[in-house]
Amino acid sequence: MEQSVTSTRTVPNSALTPPVRSRKAPRPRDVLELLKPITWFPPMWAFMCGAISSGAGLDGRLWFVAGGILLAGPLVCGTSQAVNDWFDRHVDAINEPHRPIPSGRIPGRWGLYIAIIATCVSAAIAWLLGPIVFVAGLIGLAFAWAYSAPPLRFKANGWVGPLVCGLTYEGLSWFTGAAVMIGTMPSVEVMIVLVMYSLGAHGIMVLNDFKAVEGDRQAGLTSLPVVMGIGAAARLACVTMASMQIVVIALLAIWGLGLSALIVTLALGAQIAAMPRLLRDPARHAPWYNGVGVTLYVLGMLAAALGLGGYI
């Protein structure tokens, strides 16, 4: 799910209509661009963490794991990208006219058709993976539509949008990975940790909004960097990510998972060491921190999962 937030500002009709193209159907490479493969990594990583945290072996579950990875990344996440681009096509026509829909490379209502087809395929794959995964998949798909589509359009709220993304990208994917492996609900410990990392991911999603601060401000959009100011939003993101990891470290230590707690502590320490550079110029250094700090964040997720699964 893209993290831009859209207001109800009136957009000229000319911006609503993609350039006319002779092509009647989109090319596969344009469909792939619409589904944004670069965004598939976070839910796929979270799914892997869920599978590891279950402590179950791969015996007899390999195809379920492969199906779950496909579901978390290309299917549900890809669906969310298609839905987002369709309902943001008028905004993208102003801010990102090169995108597949506003550029006309995906003509007519094909963007909507692709989103609907991807939704149906995702639900079918989730059904094959068992009842718990099916329910989780339907929840993920419902949020994918509610995030971008009216009347709910969660992304219109700078607080709710990042929260929904964190809970679905990280939490729901982690839950699905664990459920695929054991065929039932994950343990209480796993549920608590996945929720903590999901809440911490709110900060990651806020940082993602820094890439379009000026465009959002000019368009009257309500992302947190616009509403709170760049400096305050950056500090909020840092506090959110760090505080949730501190809770995870404390819980891992209480549960006797000392090595796992130590690794997460080291990962958090490295993130905190990188935060001053981010805070000096958030708009400039947010992409850098997304590459360094977020990588450390997800490595901490893996360490926590290994501890919960009994591997370390």
# chains A, B, ... in the order shown; residues from 1 in each chain; ligands from 1
call {"tool": "residues_around", "arguments": {"residues": "segment 289-301 of chain A", "least_positions_apart": "6", "cutoff": "6 Å", "atoms": "only C-alpha atoms", "output": "list in words"}}
result
Val264, Ala267 and Gln271 of chain A
call {"tool": "residues_around", "arguments": {"residues": "segment 171-181 of chain A", "least_positions_apart": "3", "cutoff": "7 Å", "atoms": "only C-alpha atoms", "output": "short mmCIF file (atom, residue, chain, number, x, y, z; two decimals) with N, CA and C atoms, in the first residue's frame"}}
result
data_model
loop_
_atom_site.label_atom_id
_atom_site.label_comp_id
_atom_site.auth_asym_id
_atom_site.auth_seq_id
_atom_site.Cartn_x
_atom_site.Cartn_y
_atom_site.Cartn_z
N PRO A 43 5.85 -7.69 3.45
CA PRO A 43 4.95 -8.76 3.89
C PRO A 43 5.53 -10.16 3.69
N ALA A 46 7.80 -10.65 6.65
CA ALA A 46 7.00 -10.88 7.84
C ALA A 46 6.40 -12.28 7.83
N PHE A 47 5.97 -12.75 6.66
CA PHE A 47 5.46 -14.11 6.55
C PHE A 47 6.54 -15.12 6.94
N MET A 48 7.76 -14.89 6.44
CA MET A 48 8.87 -15.78 6.79
C MET A 48 9.12 -15.77 8.30
N CYS A 49 9.07 -14.58 8.91
CA CYS A 49 9.25 -14.49 10.36
C CYS A 49 8.15 -15.27 11.09
N GLY A 50 6.93 -15.19 10.57
CA GLY A 50 5.84 -15.95 11.18
C GLY A 50 6.06 -17.44 11.10
N ALA A 51 6.50 -17.90 9.92
CA ALA A 51 6.76 -19.33 9.75
C ALA A 51 7.85 -19.80 10.70
N SER A 53 8.78 -18.33 13.56
CA SER A 53 8.35 -18.20 14.96
C SER A 53 7.47 -19.35 15.41
N SER A 54 6.85 -20.06 14.47
CA SER A 54 5.99 -21.19 14.84
C SER A 54 6.78 -22.35 15.40
N ALA A 56 7.77 -24.83 13.76
CA ALA A 56 7.43 -26.06 13.04
C ALA A 56 8.41 -26.30 11.89
N ARG A 61 5.02 -29.30 4.55
CA ARG A 61 4.43 -27.95 4.53
C ARG A 61 5.05 -27.05 3.46
N PHE A 64 2.68 -25.31 1.21
CA PHE A 64 1.90 -24.31 1.95
C PHE A 64 2.71 -23.04 2.17
N VAL A 65 4.00 -23.22 2.46
CA VAL A 65 4.87 -22.06 2.64
C VAL A 65 5.00 -21.29 1.34
N GLY A 68 1.89 -19.46 0.74
CA GLY A 68 1.76 -18.33 1.67
C GLY A 68 2.61 -17.15 1.26
N ALA A 72 1.15 -13.52 0.44
CA ALA A 72 1.52 -12.31 1.17
C ALA A 72 2.09 -11.23 0.26
N LEU A 129 -5.12 -22.74 1.36
CA LEU A 129 -4.15 -22.84 2.45
C LEU A 129 -4.79 -23.11 3.81
N ILE A 132 -8.03 -20.87 8.51
CA ILE A 132 -7.48 -19.73 9.24
C ILE A 132 -6.79 -18.76 8.29
N VAL A 133 -6.01 -19.30 7.36
CA VAL A 133 -5.34 -18.45 6.37
C VAL A 133 -6.37 -17.78 5.47
N ALA A 136 -7.71 -14.85 7.34
CA ALA A 136 -6.68 -13.81 7.38
C ALA A 136 -6.53 -13.14 6.02
N GLY A 166 0.83 -0.97 8.82
CA GLY A 166 1.68 -1.73 9.71
C GLY A 166 1.03 -3.03 10.16
N LEU A 167 -0.25 -2.96 10.50
CA LEU A 167 -0.95 -4.14 10.98
C LEU A 167 -1.12 -5.20 9.89
N THR A 168 -1.28 -4.76 8.64
CA THR A 168 -1.47 -5.73 7.57
C THR A 168 -0.14 -6.21 6.99
N THR A 184 -3.16 -23.83 12.93
CA THR A 184 -4.04 -23.33 13.97
C THR A 184 -3.57 -21.95 14.40
N MET A 185 -4.17 -21.40 15.44
CA MET A 185 -3.78 -20.07 15.92
C MET A 185 -2.37 -20.11 16.50
N PRO A 186 -1.56 -19.08 16.23
CA PRO A 186 -0.23 -19.01 16.84
C PRO A 186 -0.32 -18.85 18.35
N LEU A 194 4.18 -10.05 17.29
CA LEU A 194 3.79 -9.56 15.96
C LEU A 194 3.01 -8.25 16.07
N VAL A 195 2.22 -8.12 17.14
CA VAL A 195 1.50 -6.85 17.33
C VAL A 195 2.48 -5.72 17.63
N SER A 198 4.14 -4.71 14.50
CA SER A 198 3.17 -4.03 13.63
C SER A 198 2.99 -2.58 14.04
#
call {"tool": "closest_residue", "arguments": {"among": "A:Leu152, A:Ile117, A:Ile125, A:Ala283", "to": "Ile230 of chain A", "atoms": "only C-alpha atoms"}}
result
A:Ala283
call {"tool": "decode", "arguments": {"residues": "segment 122-137 of chain A", "atoms": "C-alpha atoms", "output": "PDB file, in the first residue's frame"}}
result
ATOM      1  CA  SER A 122      -5.840 -14.049  -3.771  1.00  0.00           C
ATOM      2  CA  ALA A 123      -9.003 -15.293  -2.064  1.00  0.00           C
ATOM      3  CA  ALA A 124      -8.820 -18.588  -3.981  1.00  0.00           C
ATOM      4  CA  ILE A 125      -5.193 -19.223  -2.978  1.00  0.00           C
ATOM      5  CA  ALA A 126      -5.992 -18.328   0.641  1.00  0.00           C
ATOM      6  CA  TRP A 127      -8.836 -20.867   0.593  1.00  0.00           C
ATOM      7  CA  LEU A 128      -6.449 -23.597  -0.501  1.00  0.00           C
ATOM      8  CA  LEU A 129      -4.149 -22.841   2.449  1.00  0.00           C
ATOM      9  CA  GLY A 130      -6.771 -23.611   5.088  1.00  0.00           C
ATOM     10  CA  PRO A 131      -9.623 -21.886   6.948  1.00  0.00           C
ATOM     11  CA  ILE A 132      -7.477 -19.731   9.243  1.00  0.00           C
ATOM     12  CA  VAL A 133      -5.344 -18.453   6.368  1.00  0.00           C
ATOM     13  CA  PHE A 134      -8.495 -17.922   4.313  1.00  0.00           C
ATOM     14  CA  VAL A 135      -9.983 -15.671   6.988  1.00  0.00           C
ATOM     15  CA  ALA A 136      -6.676 -13.809   7.383  1.00  0.00           C
ATOM     16  CA  GLY A 137      -6.481 -13.398   3.610  1.00  0.00           C
TER      17      GLY A 137
END
